[in-house]
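Below is protein12.cif, holding mmCIF, C-alpha atoms and all ligand atoms.
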```
data_model
#
loop_
_atom_site.label_atom_id
_atom_site.label_comp_id
_atom_site.auth_asym_id
_atom_site.auth_seq_id
_atom_site.Cartn_x
_atom_site.Cartn_y
_atom_site.Cartn_z
CA MET A 1 0.00 0.00 0.00
CA ARG A 2 1.04 3.62 -0.48
CA VAL A 3 0.37 5.22 2.87
CA LEU A 4 0.26 8.91 3.79
CA VAL A 5 1.59 9.24 7.34
CA THR A 6 0.82 12.65 8.84
CA GLY A 7 3.07 13.42 11.80
CA GLY A 8 5.41 10.70 10.53
CA THR A 9 8.60 12.21 11.95
CA GLY A 10 7.07 12.28 15.45
CA TYR A 11 7.47 9.69 18.19
CA ILE A 12 4.79 7.14 17.23
CA GLY A 13 4.75 8.11 13.53
CA SER A 14 8.46 7.38 13.04
CA HIS A 15 8.20 3.93 14.64
CA THR A 16 5.12 3.16 12.52
CA THR A 17 6.92 4.31 9.37
CA VAL A 18 9.73 1.83 10.11
CA GLU A 19 7.25 -1.03 10.50
CA LEU A 20 5.44 -0.04 7.28
CA LEU A 21 8.67 0.17 5.27
CA ASN A 22 9.92 -3.13 6.69
CA LEU A 23 6.77 -4.81 5.40
CA GLY A 24 7.22 -3.37 1.91
CA HIS A 25 4.66 -0.58 2.08
CA GLU A 26 5.43 2.80 0.53
CA VAL A 27 5.36 5.76 2.93
CA VAL A 28 4.87 9.46 2.27
CA ILE A 29 5.31 11.62 5.36
CA VAL A 30 3.71 15.02 5.94
CA ASP A 31 5.00 16.86 9.00
CA ASN A 32 5.62 20.54 9.78
CA LEU A 33 8.44 19.56 12.19
CA TYR A 34 6.74 21.46 15.02
CA ASN A 35 7.57 18.67 17.47
CA SER A 36 10.10 16.61 15.54
CA ASN A 37 13.29 16.85 13.63
CA ILE A 38 14.34 16.31 10.02
CA HIS A 39 17.15 14.00 11.20
CA VAL A 40 14.51 11.42 12.12
CA LEU A 41 14.46 10.69 8.36
CA ASP A 42 18.19 9.78 8.46
CA ARG A 43 17.50 7.42 11.35
CA ILE A 44 14.61 5.78 9.47
CA GLU A 45 16.89 5.39 6.45
CA ARG A 46 19.58 3.75 8.59
CA LEU A 47 17.05 1.27 9.92
CA CYS A 48 15.19 0.50 6.68
CA HIS A 49 17.78 1.26 3.96
CA GLN A 50 15.27 3.53 2.26
CA ARG A 51 14.12 7.06 2.83
CA PRO A 52 10.41 7.83 2.88
CA LYS A 53 9.22 10.68 0.68
CA PHE A 54 8.83 13.73 2.91
CA TYR A 55 6.79 16.95 2.65
CA GLU A 56 7.41 19.68 5.19
CA VAL A 57 3.79 20.79 5.19
CA ASP A 58 1.46 22.07 7.88
CA ILE A 59 -1.88 20.30 7.60
CA LEU A 60 -3.50 23.65 8.38
CA ASP A 61 -2.28 24.79 4.95
CA LYS A 62 -4.92 23.11 2.82
CA GLU A 63 -3.48 24.15 -0.54
CA LYS A 64 -0.04 22.74 0.25
CA LEU A 65 -1.67 19.59 1.57
CA ARG A 66 -3.66 19.37 -1.67
CA THR A 67 -0.36 19.29 -3.60
CA VAL A 68 0.60 16.18 -1.64
CA PHE A 69 -2.65 14.49 -2.70
CA LYS A 70 -2.21 15.66 -6.31
CA GLU A 71 1.33 14.29 -6.52
CA ASN A 72 0.64 10.91 -4.90
CA GLU A 73 -2.08 8.32 -5.21
CA PHE A 74 -2.66 7.03 -1.69
CA ASP A 75 -4.32 3.80 -0.62
CA ALA A 76 -4.58 4.84 3.02
CA VAL A 77 -3.78 7.49 5.61
CA ILE A 78 -2.46 7.13 9.15
CA HIS A 79 -3.15 10.42 10.90
CA PHE A 80 -0.78 11.21 13.78
CA ALA A 81 -0.24 14.94 13.23
CA GLY A 82 -1.47 16.99 16.16
CA TYR A 83 -0.55 18.67 19.41
CA LYS A 84 -0.56 16.41 22.46
CA ALA A 85 0.38 18.27 25.63
CA VAL A 86 -2.54 17.99 28.03
CA GLY A 87 -1.52 20.90 30.32
CA GLU A 88 -0.73 23.23 27.42
CA SER A 89 -4.13 22.48 25.88
CA VAL A 90 -5.79 23.90 28.99
CA SER A 91 -4.00 27.25 28.59
CA LYS A 92 -4.16 27.31 24.74
CA PRO A 93 -7.52 25.76 23.81
CA ILE A 94 -7.91 27.75 20.57
CA THR A 95 -4.50 26.61 19.32
CA TYR A 96 -5.36 23.01 20.14
CA TYR A 97 -8.80 23.07 18.52
CA GLN A 98 -7.36 24.86 15.48
CA ASN A 99 -4.54 22.39 14.91
CA ASN A 100 -6.20 19.14 15.93
CA ILE A 101 -9.69 19.84 14.55
CA ALA A 102 -9.27 22.32 11.67
CA GLY A 103 -6.08 20.58 10.49
CA SER A 104 -7.81 17.20 10.59
CA LEU A 105 -10.83 18.54 8.67
CA ASN A 106 -8.52 19.69 5.87
CA LEU A 107 -7.16 16.19 5.69
CA TYR A 108 -10.58 14.49 5.71
CA GLU A 109 -11.88 16.88 3.03
CA LEU A 110 -8.94 16.13 0.74
CA MET A 111 -9.26 12.39 1.34
CA ASN A 112 -12.88 12.58 0.20
CA GLU A 113 -11.99 14.77 -2.78
CA TYR A 114 -9.18 12.49 -3.96
CA GLY A 115 -10.97 9.22 -3.21
CA VAL A 116 -8.72 8.03 -0.39
CA TYR A 117 -11.09 6.26 1.95
CA ASN A 118 -9.00 4.25 4.42
CA ILE A 119 -7.79 5.96 7.58
CA VAL A 120 -6.39 5.06 10.96
CA PHE A 121 -6.72 7.86 13.52
CA SER A 122 -4.62 8.32 16.68
CA SER A 123 -7.15 8.55 19.45
CA SER A 124 -6.48 8.14 23.13
CA ALA A 125 -7.73 6.40 26.24
CA THR A 126 -8.32 9.93 27.52
CA VAL A 127 -11.70 9.88 25.68
CA TYR A 128 -13.03 7.49 28.36
CA GLY A 129 -12.69 10.34 30.88
CA ASP A 130 -13.37 9.26 34.45
CA ASN A 131 -16.85 7.91 33.76
CA PHE A 132 -16.22 4.19 33.53
CA GLU A 133 -14.97 1.10 35.37
CA VAL A 134 -11.69 -0.54 34.36
CA PRO A 135 -10.84 -2.32 32.17
CA PHE A 136 -12.02 0.29 29.64
CA LYS A 137 -14.10 -1.31 26.90
CA GLU A 138 -14.72 0.21 23.48
CA GLU A 139 -18.48 -0.28 23.87
CA TYR A 140 -18.53 2.24 26.74
CA GLY A 141 -18.36 4.99 24.12
CA LEU A 142 -17.12 8.48 24.84
CA GLY A 143 -16.82 9.81 28.38
CA ASP A 144 -16.51 13.36 29.70
CA THR A 145 -13.06 14.56 28.69
CA THR A 146 -11.24 16.68 31.25
CA ASN A 147 -9.10 18.91 29.01
CA PRO A 148 -9.19 20.46 25.49
CA TYR A 149 -6.61 17.98 24.18
CA GLY A 150 -8.89 15.08 25.14
CA THR A 151 -11.86 16.90 23.64
CA THR A 152 -10.04 17.23 20.29
CA LYS A 153 -9.68 13.44 20.27
CA LYS A 154 -13.34 12.97 21.17
CA PHE A 155 -14.45 15.44 18.44
CA ASN A 156 -12.28 13.74 15.84
CA GLU A 157 -13.84 10.41 16.73
CA MET A 158 -17.31 11.95 16.34
CA ILE A 159 -16.43 13.67 13.06
CA LEU A 160 -14.94 10.51 11.57
CA SER A 161 -17.94 8.44 12.71
CA ASP A 162 -20.27 10.91 10.96
CA ILE A 163 -18.11 10.74 7.82
CA ALA A 164 -18.38 6.94 7.84
CA LYS A 165 -22.18 7.22 8.13
CA ALA A 166 -22.49 9.68 5.26
CA HIS A 167 -19.87 8.27 2.89
CA GLU A 168 -20.14 4.52 2.71
CA LYS A 169 -16.79 4.03 0.99
CA PHE A 170 -14.91 5.27 4.04
CA SER A 171 -13.20 2.77 6.29
CA ILE A 172 -12.07 4.22 9.57
CA VAL A 173 -10.22 2.71 12.50
CA LEU A 174 -10.06 4.81 15.65
CA LEU A 175 -7.18 3.48 17.73
CA ARG A 176 -7.41 4.46 21.38
CA TYR A 177 -3.85 4.33 22.65
CA PHE A 178 -3.17 3.80 26.31
CA ASN A 179 0.31 4.92 27.55
CA PRO A 180 2.94 4.49 24.81
CA ILE A 181 6.51 4.42 26.17
CA GLY A 182 9.91 2.98 25.26
CA ALA A 183 11.92 3.43 22.12
CA HIS A 184 13.19 1.52 19.10
CA PRO A 185 15.50 -1.28 20.37
CA SER A 186 18.27 0.06 18.07
CA GLY A 187 18.36 3.28 20.10
CA LEU A 188 17.90 5.25 16.86
CA LEU A 189 14.33 6.40 17.44
CA GLY A 190 12.51 7.46 20.57
CA GLU A 191 10.66 10.25 22.30
CA VAL A 192 12.39 13.60 22.68
CA PRO A 193 10.30 15.76 25.00
CA ASN A 194 10.64 19.52 24.91
CA GLY A 195 11.86 20.88 28.27
CA ILE A 196 10.83 19.21 31.50
CA PRO A 197 8.72 16.17 30.64
CA ASN A 198 5.12 15.94 31.83
CA ASN A 199 4.84 12.20 31.33
CA LEU A 200 6.14 9.63 33.76
CA VAL A 201 8.68 7.61 31.78
CA PRO A 202 10.34 10.54 29.96
CA TYR A 203 10.67 12.18 33.40
CA ILE A 204 12.21 9.06 34.97
CA ALA A 205 14.62 8.85 32.01
CA LYS A 206 15.92 12.31 32.89
CA VAL A 207 16.34 11.32 36.54
CA ALA A 208 18.23 8.22 35.39
CA ASN A 209 20.67 10.24 33.28
CA GLY A 210 21.16 12.85 35.98
CA GLU A 211 19.39 15.76 34.24
CA LEU A 212 16.70 15.93 36.92
CA PRO A 213 17.31 15.29 40.62
CA CYS A 214 14.26 13.30 41.65
CA LEU A 215 10.89 11.96 40.50
CA ASN A 216 7.79 13.57 41.99
CA VAL A 217 5.24 10.81 42.50
CA PHE A 218 1.85 12.47 42.11
CA GLY A 219 -0.15 11.03 45.00
CA ASP A 220 0.20 7.87 47.09
CA ASP A 221 -3.35 7.80 48.45
CA TYR A 222 -5.24 6.39 45.46
CA ASP A 223 -7.23 3.21 45.88
CA THR A 224 -4.54 1.07 44.21
CA LYS A 225 -2.17 -1.59 45.51
CA ASP A 226 0.55 0.86 46.64
CA GLY A 227 -1.52 4.06 46.53
CA THR A 228 0.06 5.41 43.32
CA GLY A 229 -1.65 5.76 39.93
CA VAL A 230 -2.09 2.71 37.71
CA ARG A 231 -1.67 2.91 33.91
CA ASP A 232 -1.50 0.55 30.96
CA TYR A 233 1.92 1.05 29.35
CA ILE A 234 2.58 -0.19 25.82
CA HIS A 235 5.90 -0.41 24.00
CA VAL A 236 5.94 2.03 21.08
CA VAL A 237 7.07 -0.72 18.68
CA ASP A 238 4.06 -2.85 19.67
CA LEU A 239 1.85 0.20 19.13
CA ALA A 240 3.45 0.79 15.72
CA LYS A 241 2.70 -2.82 14.75
CA ALA A 242 -0.95 -2.36 15.75
CA HIS A 243 -1.18 0.36 13.07
CA ILE A 244 -0.11 -2.05 10.36
CA LYS A 245 -2.84 -4.47 11.40
CA ALA A 246 -5.34 -1.61 11.60
CA ILE A 247 -4.55 -0.27 8.13
CA GLU A 248 -4.78 -3.78 6.68
CA TYR A 249 -8.13 -4.20 8.42
CA ALA A 250 -9.36 -0.83 7.11
CA SER A 251 -8.42 -1.76 3.54
CA LYS A 252 -10.72 -4.81 3.72
CA HIS A 253 -13.74 -3.33 5.53
CA ASN A 254 -16.05 -0.34 5.45
CA GLY A 255 -17.49 1.74 8.28
CA VAL A 256 -15.92 2.69 11.57
CA GLU A 257 -14.32 0.64 14.36
CA VAL A 258 -13.01 1.85 17.71
CA ILE A 259 -10.17 -0.30 19.02
CA ASN A 260 -8.17 -0.04 22.26
CA VAL A 261 -4.43 -0.49 21.96
CA GLY A 262 -2.87 -1.35 25.29
CA SER A 263 -1.36 -4.33 27.04
CA GLY A 264 -4.39 -4.93 29.25
CA LYS A 265 -2.14 -4.77 32.33
CA GLY A 266 -1.85 -1.95 34.84
CA TYR A 267 1.34 -0.85 36.61
CA THR A 268 1.63 1.62 39.46
CA VAL A 269 4.04 4.55 39.34
CA LEU A 270 6.30 2.81 41.87
CA GLU A 271 6.31 -0.41 39.84
CA VAL A 272 7.40 1.51 36.74
CA LEU A 273 10.11 3.23 38.76
CA LYS A 274 11.36 -0.17 39.96
CA ALA A 275 11.44 -1.56 36.43
CA TYR A 276 13.43 1.50 35.32
CA GLU A 277 15.89 1.05 38.21
CA LYS A 278 16.44 -2.51 37.01
CA ALA A 279 17.05 -1.24 33.47
CA CYS A 280 19.57 1.43 34.45
CA HIS A 281 21.16 -0.44 37.40
CA LYS A 282 20.72 2.58 39.70
CA THR A 283 18.53 3.55 42.60
CA LEU A 284 16.42 6.50 41.47
CA PRO A 285 15.38 9.10 44.04
CA TYR A 286 11.70 9.99 44.37
CA LYS A 287 9.41 11.91 46.68
CA ILE A 288 5.69 11.73 47.21
CA SER A 289 3.99 14.93 45.99
CA PRO A 290 0.34 15.99 45.89
CA ARG A 291 -2.01 14.41 43.35
CA ARG A 292 -1.90 15.99 39.87
CA PRO A 293 -5.24 17.67 39.06
CA GLY A 294 -7.26 15.75 36.47
CA ASP A 295 -5.53 12.40 37.11
CA ILE A 296 -7.60 9.27 37.62
CA ALA A 297 -6.53 6.41 39.89
CA THR A 298 -6.54 3.54 37.43
CA CYS A 299 -6.63 3.17 33.66
CA TYR A 300 -6.11 0.01 31.66
CA ALA A 301 -7.53 -1.48 28.50
CA ASP A 302 -9.83 -4.32 27.70
CA THR A 303 -7.84 -5.79 24.80
CA HIS A 304 -10.28 -8.41 23.51
CA LYS A 305 -11.42 -6.38 20.50
CA ALA A 306 -7.85 -5.76 19.31
CA LYS A 307 -7.20 -9.49 19.53
CA GLN A 308 -10.48 -10.42 17.87
CA LEU A 309 -10.53 -7.91 14.98
CA LEU A 310 -6.82 -7.29 14.39
CA ASP A 311 -5.24 -10.41 15.90
CA PHE A 312 -3.10 -7.94 17.83
CA GLU A 313 -1.33 -8.72 21.10
CA VAL A 314 1.62 -6.96 22.68
CA GLU A 315 5.01 -8.63 22.64
CA PHE A 316 7.13 -6.48 24.97
CA ASP A 317 6.81 -6.21 28.76
CA ILE A 318 7.46 -3.32 31.13
CA ASP A 319 11.12 -4.33 31.64
CA LYS A 320 11.80 -4.16 27.89
CA MET A 321 9.96 -0.80 27.66
CA CYS A 322 12.24 0.65 30.35
CA GLU A 323 15.42 -0.93 28.88
CA ASP A 324 14.71 0.53 25.45
CA SER A 325 13.83 3.93 26.91
CA TYR A 326 17.10 4.03 28.85
CA ASN A 327 19.13 2.79 25.86
CA PHE A 328 17.69 5.62 23.71
CA THR A 329 18.36 8.17 26.47
CA LEU A 330 21.99 7.07 26.80
CA LYS A 331 22.62 7.04 23.06
CA ASN A 332 20.95 10.40 22.37
CA PRO A 333 21.89 12.83 25.15
CA ASN A 334 21.02 15.78 22.87
CA GLY A 335 18.01 14.19 21.21
CA ILE A 336 17.93 13.11 17.57
CA GLU A 337 20.54 15.12 15.67
P1 LIG A 401 4.57 13.75 18.42
O1 LIG A 401 4.40 15.15 18.84
O2 LIG A 401 5.89 13.10 18.64
O3 LIG A 401 4.20 13.59 16.88
C1 LIG A 401 3.23 14.40 16.24
C2 LIG A 401 3.85 14.95 14.97
O4 LIG A 401 2.88 15.76 14.32
C3 LIG A 401 5.07 15.82 15.25
O5 LIG A 401 6.16 15.39 14.45
C4 LIG A 401 4.61 17.24 14.84
O6 LIG A 401 5.66 18.00 14.30
C5 LIG A 401 3.52 16.93 13.84
N1 LIG A 401 2.51 17.98 13.71
C6 LIG A 401 1.81 18.60 14.70
N2 LIG A 401 0.97 19.50 14.17
C7 LIG A 401 1.12 19.43 12.82
C8 LIG A 401 0.53 20.13 11.72
N3 LIG A 401 -0.38 21.09 11.89
N4 LIG A 401 0.93 19.81 10.47
C9 LIG A 401 1.85 18.85 10.25
N5 LIG A 401 2.46 18.18 11.25
C10 LIG A 401 2.09 18.46 12.51
O7 LIG A 401 3.41 12.90 19.13
P2 LIG A 401 3.23 11.34 19.26
O8 LIG A 401 3.44 10.96 20.67
O9 LIG A 401 3.96 10.64 18.18
O10 LIG A 401 1.66 11.23 19.01
C11 LIG A 401 1.13 11.01 17.72
C12 LIG A 401 -0.39 11.08 17.80
O11 LIG A 401 -0.85 10.13 18.75
C13 LIG A 401 -0.91 12.44 18.27
O12 LIG A 401 -2.09 12.73 17.55
C14 LIG A 401 -1.22 12.22 19.73
O13 LIG A 401 -2.22 13.07 20.19
C15 LIG A 401 -1.69 10.77 19.70
N6 LIG A 401 -1.53 10.10 21.01
C16 LIG A 401 -0.32 10.11 21.62
C17 LIG A 401 -0.17 9.50 22.85
C18 LIG A 401 1.15 9.55 23.59
O14 LIG A 401 1.15 9.31 24.80
N7 LIG A 401 2.26 9.82 22.94
C19 LIG A 401 -1.26 8.86 23.45
C20 LIG A 401 -2.48 8.85 22.78
C21 LIG A 401 -2.60 9.48 21.54
C1 LIG A 402 1.24 8.32 34.28
C2 LIG A 402 1.16 8.16 35.81
C3 LIG A 402 0.73 10.23 36.96
C4 LIG A 402 4.52 12.17 35.89
C5 LIG A 402 -1.09 11.07 29.42
C6 LIG A 402 -2.23 11.81 28.77
C7 LIG A 402 -3.03 10.88 27.91
C8 LIG A 402 -2.12 10.16 26.92
C9 LIG A 402 -0.94 9.52 27.58
C10 LIG A 402 -2.08 11.39 24.87
C11 LIG A 402 0.03 8.98 36.44
C12 LIG A 402 2.10 9.69 37.32
C13 LIG A 402 3.46 11.28 36.02
C14 LIG A 402 5.33 12.45 37.03
C15 LIG A 402 3.98 10.94 38.32
N1 LIG A 402 -1.57 11.06 25.96
N2 LIG A 402 3.20 10.67 37.21
N3 LIG A 402 5.02 11.82 38.19
O1 LIG A 402 -1.54 11.08 32.52
O2 LIG A 402 -1.78 8.58 32.20
O3 LIG A 402 -1.62 10.04 30.24
O4 LIG A 402 -0.26 10.48 28.42
O5 LIG A 402 -3.16 11.07 24.45
O6 LIG A 402 -3.98 11.65 27.27
O7 LIG A 402 -3.06 12.36 29.78
O8 LIG A 402 0.39 9.69 31.59
O9 LIG A 402 2.80 9.55 31.95
O10 LIG A 402 1.61 11.71 32.52
O11 LIG A 402 1.25 9.71 33.95
O12 LIG A 402 3.76 10.40 39.40
O13 LIG A 402 6.26 13.25 36.96
O14 LIG A 402 2.37 8.68 36.37
O15 LIG A 402 0.12 10.82 38.08
O16 LIG A 402 -0.46 8.21 37.53
P1 LIG A 402 -1.22 9.88 31.76
P2 LIG A 402 1.58 10.23 32.46
#
```

Is it possible to give me this structure as structure tokens?
Amino acid sequence: MRVLVTGGTGYIGSHTTVELLNLGHEVVIVDNLYNSNIHVLDRIERLCHQRPKFYEVDILDKEKLRTVFKENEFDAVIHFAGYKAVGESVSKPITYYQNNIAGSLNLYELMNEYGVYNIVFSSSATVYGDNFEVPFKEEYGLGDTTNPYGTTKKFNEMILSDIAKAHEKFSIVLLRYFNPIGAHPSGLLGEVPNGIPNNLVPYIAKVANGELPCLNVFGDDYDTKDGTGVRDYIHVVDLAKAHIKAIEYASKHNGVEVINVGSGKGYTVLEVLKAYEKACHKTLPYKISPRRPGDIATCYADTHKAKQLLDFEVEFDIDKMCEDSYNFTLKNPNGIE
């Protein structure tokens, strides 16, 4: 298949591009490099011995995006491009709605115009909000999101579901990711957060390499086994592989499917810290801090639908996720350059 990957130089997009290329698919990346780096393409080339076609285009620029559709005949789209910082979305809602909604609408409009009907969309477990019991099941539907970022994911799911209803040729897979972490085992690709990380594992990585003094554990009085928050972590390479299965599924079906992508297992903050200590052979300092506003106690996926529809199961465990994260951190002290 010839696949348009928006946001393909980003964290999940770059890993997915590698998996697509390794399976013989053709990849065209569109990214404005807002949160990624052109050198990611060199890394992909080192891993796959081919360089994906790349357009430095902002999806908000519909005419430039149209050129990409004019110059390439796509079989499918994997849509990663978007802003993803939860806290920032609270202070910049207009920016988030503009980029994640208006940008996406440009893409969907051009797909319809150019007859490209298969799409996999990056949604998030955040759309369950705090309304439901774990494990989160797709049939629960959409909960009350707690921040504009989450609402952009919820709106995209609603928009794409309406598109599938109105245009019967469309085939849409909404992947709800749980907590993607880790890096490519080669150490060539991984997550490069801007400034002080908000997410747990990128933060621990900076404690492990001495850039930050100590992890703040946000709350130890949740109703969980050690009082700290429980999440469903998934290795980014497993997540990338789920996209291949999803795009293959989309190319053979019509309509819309919502599918969780997680491991189905929950780990507490202290369990993740322990796994990371094992990976880096160090004791990592931490202190208990107040709960972070908006956090829920426990979040993990029901993974039956992914298994049933996509035959998808994760391969890598929490130890491997931490090992690969630390390996990437050690090999790339200044990020991808
Ligand atoms: P990322 O920031 O590493 O990648 C997103 C890419 O999109 C970046 O390279 C950025 O430059 C690009 N981009 C942003 N706005 C753009 C625009 N207007 N035009 C063109 N390119 C643009 O993020 P990621 O972690 O790889 O996430 C990919 C997708 O998955 C996002 O939509 C994110 O919301 C979603 N998601 C991520 C997580 C997570 O924890 N990482 C969890 C659930 C869902
Ligand atoms: C995990 C656990 C924290 C940092 C976020 C987004 C979600 C999705 C994935 C995009 C929680 C605790 C964290 C720290 C801590 N992204 N923690 N100290 O909040 O589950 O999900 O990323 O769609 O939408 O909200 O991930 O990694 O921030 O937190 O104790 O310095 O670690 O309280 O229990 P979260 P996270």

Selection as a PDB file with C-alpha atoms, in the frame of the given file: residues within 9 Å of ligand LIG 402 (chain A) by all atoms listed in the file:
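And here's out-v5.pdb as it stands now:
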```
ATOM      1  CA  LYS A  84      -0.560  16.410  22.460  1.00  0.00           C
ATOM      2  CA  ALA A  85       0.380  18.270  25.630  1.00  0.00           C
ATOM      3  CA  VAL A  86      -2.540  17.990  28.030  1.00  0.00           C
ATOM      4  CA  GLY A  87      -1.520  20.900  30.320  1.00  0.00           C
ATOM      5  CA  SER A 122      -4.620   8.320  16.680  1.00  0.00           C
ATOM      6  CA  SER A 123      -7.150   8.550  19.450  1.00  0.00           C
ATOM      7  CA  SER A 124      -6.480   8.140  23.130  1.00  0.00           C
ATOM      8  CA  ALA A 125      -7.730   6.400  26.240  1.00  0.00           C
ATOM      9  CA  THR A 126      -8.320   9.930  27.520  1.00  0.00           C
ATOM     10  CA  VAL A 127     -11.700   9.880  25.680  1.00  0.00           C
ATOM     11  CA  ASN A 147      -9.100  18.910  29.010  1.00  0.00           C
ATOM     12  CA  TYR A 149      -6.610  17.980  24.180  1.00  0.00           C
ATOM     13  CA  GLY A 150      -8.890  15.080  25.140  1.00  0.00           C
ATOM     14  CA  LYS A 153      -9.680  13.440  20.270  1.00  0.00           C
ATOM     15  CA  ARG A 176      -7.410   4.460  21.380  1.00  0.00           C
ATOM     16  CA  TYR A 177      -3.850   4.330  22.650  1.00  0.00           C
ATOM     17  CA  PHE A 178      -3.170   3.800  26.310  1.00  0.00           C
ATOM     18  CA  ASN A 179       0.310   4.920  27.550  1.00  0.00           C
ATOM     19  CA  PRO A 180       2.940   4.490  24.810  1.00  0.00           C
ATOM     20  CA  ILE A 181       6.510   4.420  26.170  1.00  0.00           C
ATOM     21  CA  PRO A 197       8.720  16.170  30.640  1.00  0.00           C
ATOM     22  CA  ASN A 198       5.120  15.940  31.830  1.00  0.00           C
ATOM     23  CA  ASN A 199       4.840  12.200  31.330  1.00  0.00           C
ATOM     24  CA  LEU A 200       6.140   9.630  33.760  1.00  0.00           C
ATOM     25  CA  VAL A 201       8.680   7.610  31.780  1.00  0.00           C
ATOM     26  CA  PRO A 202      10.340  10.540  29.960  1.00  0.00           C
ATOM     27  CA  TYR A 203      10.670  12.180  33.400  1.00  0.00           C
ATOM     28  CA  ILE A 204      12.210   9.060  34.970  1.00  0.00           C
ATOM     29  CA  LEU A 215      10.890  11.960  40.500  1.00  0.00           C
ATOM     30  CA  ASN A 216       7.790  13.570  41.990  1.00  0.00           C
ATOM     31  CA  VAL A 217       5.240  10.810  42.500  1.00  0.00           C
ATOM     32  CA  PHE A 218       1.850  12.470  42.110  1.00  0.00           C
ATOM     33  CA  GLY A 219      -0.150  11.030  45.000  1.00  0.00           C
ATOM     34  CA  ASP A 220       0.200   7.870  47.090  1.00  0.00           C
ATOM     35  CA  THR A 228       0.060   5.410  43.320  1.00  0.00           C
ATOM     36  CA  GLY A 229      -1.650   5.760  39.930  1.00  0.00           C
ATOM     37  CA  VAL A 230      -2.090   2.710  37.710  1.00  0.00           C
ATOM     38  CA  ARG A 231      -1.670   2.910  33.910  1.00  0.00           C
ATOM     39  CA  ASP A 232      -1.500   0.550  30.960  1.00  0.00           C
ATOM     40  CA  TYR A 233       1.920   1.050  29.350  1.00  0.00           C
ATOM     41  CA  THR A 268       1.630   1.620  39.460  1.00  0.00           C
ATOM     42  CA  VAL A 269       4.040   4.550  39.340  1.00  0.00           C
ATOM     43  CA  LEU A 270       6.300   2.810  41.870  1.00  0.00           C
ATOM     44  CA  VAL A 272       7.400   1.510  36.740  1.00  0.00           C
ATOM     45  CA  ILE A 288       5.690  11.730  47.210  1.00  0.00           C
ATOM     46  CA  SER A 289       3.990  14.930  45.990  1.00  0.00           C
ATOM     47  CA  ARG A 291      -2.010  14.410  43.350  1.00  0.00           C
ATOM     48  CA  ARG A 292      -1.900  15.990  39.870  1.00  0.00           C
ATOM     49  CA  PRO A 293      -5.240  17.670  39.060  1.00  0.00           C
ATOM     50  CA  GLY A 294      -7.260  15.750  36.470  1.00  0.00           C
ATOM     51  CA  ASP A 295      -5.530  12.400  37.110  1.00  0.00           C
ATOM     52  CA  ILE A 296      -7.600   9.270  37.620  1.00  0.00           C
ATOM     53  CA  ALA A 297      -6.530   6.410  39.890  1.00  0.00           C
ATOM     54  CA  THR A 298      -6.540   3.540  37.430  1.00  0.00           C
ATOM     55  CA  CYS A 299      -6.630   3.170  33.660  1.00  0.00           C
TER      56      CYS A 299
END
```

Around ligand LIG 401 (chain A), which protein and nucleic acid residues have at least one atom no more than 9 Å from it, if we count all atoms listed in the file? List them as JSON, numbers by chain.
{"A": [6, 7, 8, 9, 10, 11, 12, 13, 14, 15, 30, 31, 32, 33, 34, 35, 36, 37, 56, 57, 58, 59, 60, 61, 79, 80, 81, 82, 83, 84, 85, 98, 99, 100, 102, 103, 104, 121, 122, 123, 124, 125, 126, 149, 150, 152, 153, 175, 176, 177, 178, 179, 180, 181, 190, 191, 192, 193, 199, 236]}

Using all atoms listed in the file, which residues sit within 9 Å of Lys62 (chain A) once same-chain residues fewer than 4 positions away are excluded, as a list of chain:residue names?
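Selected residues are A:Asp58, A:Arg66, A:Thr67, A:Gly103, A:Asn106, A:Leu107, A:Leu110.
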
Could you check how far CA of Pro185 (chain A) sits from CA of Ile234 (chain A), in Å to one decimal?
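Atom-to-atom, CA of Pro185 (chain A) to CA of Ile234 (chain A), that is 14.1 Å.
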
Nearest-residue call for Ile336 (chain A), choices A:Gly141, A:Ile38, A:Ser91, A:Val5, using only C-alpha atoms:
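Once distances to Ile336 (chain A) are computed over only C-alpha atoms, the minimum belongs to A:Ile38.
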
For Phe155 (chain A), the nearest of the candidates A:Ile101, A:Val207, A:Val18, A:Ile247, counting all atoms listed in the file:
A:Ile101

Nearest to Gly264 (chain A), chosen from A:Ala242, A:Val237, A:Ala306, A:Leu189, with all atoms listed in the file counted in the distances:
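Distance minimum relative to Gly264 (chain A) lands on A:Ala306.
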
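CA of Tyr300 (chain A) to CA of Pro135 (chain A) spans 5.3 Å [interatomic distance, one decimal].
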
Please list, as a list in words, the residues that have an atom at most 10 Å away from (-8.0, 6.9, 3.4) in the coordinates of this file, counting all atoms listed in the file.
Val3, Leu4, Phe74, Asp75, Ala76, Val77, Ile78, His79, Leu107, Tyr108, Leu110, Met111, Asn112, Tyr114, Gly115, Val116, Tyr117, Asn118, Ile119, Val120, Lys169, Phe170, Ser171, Ile172, Ile247, Ala250 and Ser251 of chain A

Residue among A:Gly335, A:Glu257, A:Ser89, A:Asp317 lying closest to Asn194 (chain A), counting all atoms listed in the file:
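Looking only at the distances to Asn194 (chain A), the closest residue turns out to be A:Gly335.
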
Using only C-alpha atoms: which of A:Lys225, A:Glu337, A:Thr303, A:His243 has the shortest distance to Val40 (chain A)
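Distance minimum relative to Val40 (chain A) lands on A:Glu337.
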
Please report the interatomic distance between CA of Glu271 (chain A) and CA of Leu239 (chain A) in Å with one decimal.
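Computed distance, CA of Glu271 (chain A) to CA of Leu239 (chain A), equals 21.2 Å.
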
Which of these residues is nearest to Ser161 (chain A), using all atoms listed in the file: A:Gly227, A:Pro290, A:Gly24, A:Gly255?
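Under the stated criterion, the closest residue is A:Gly255.
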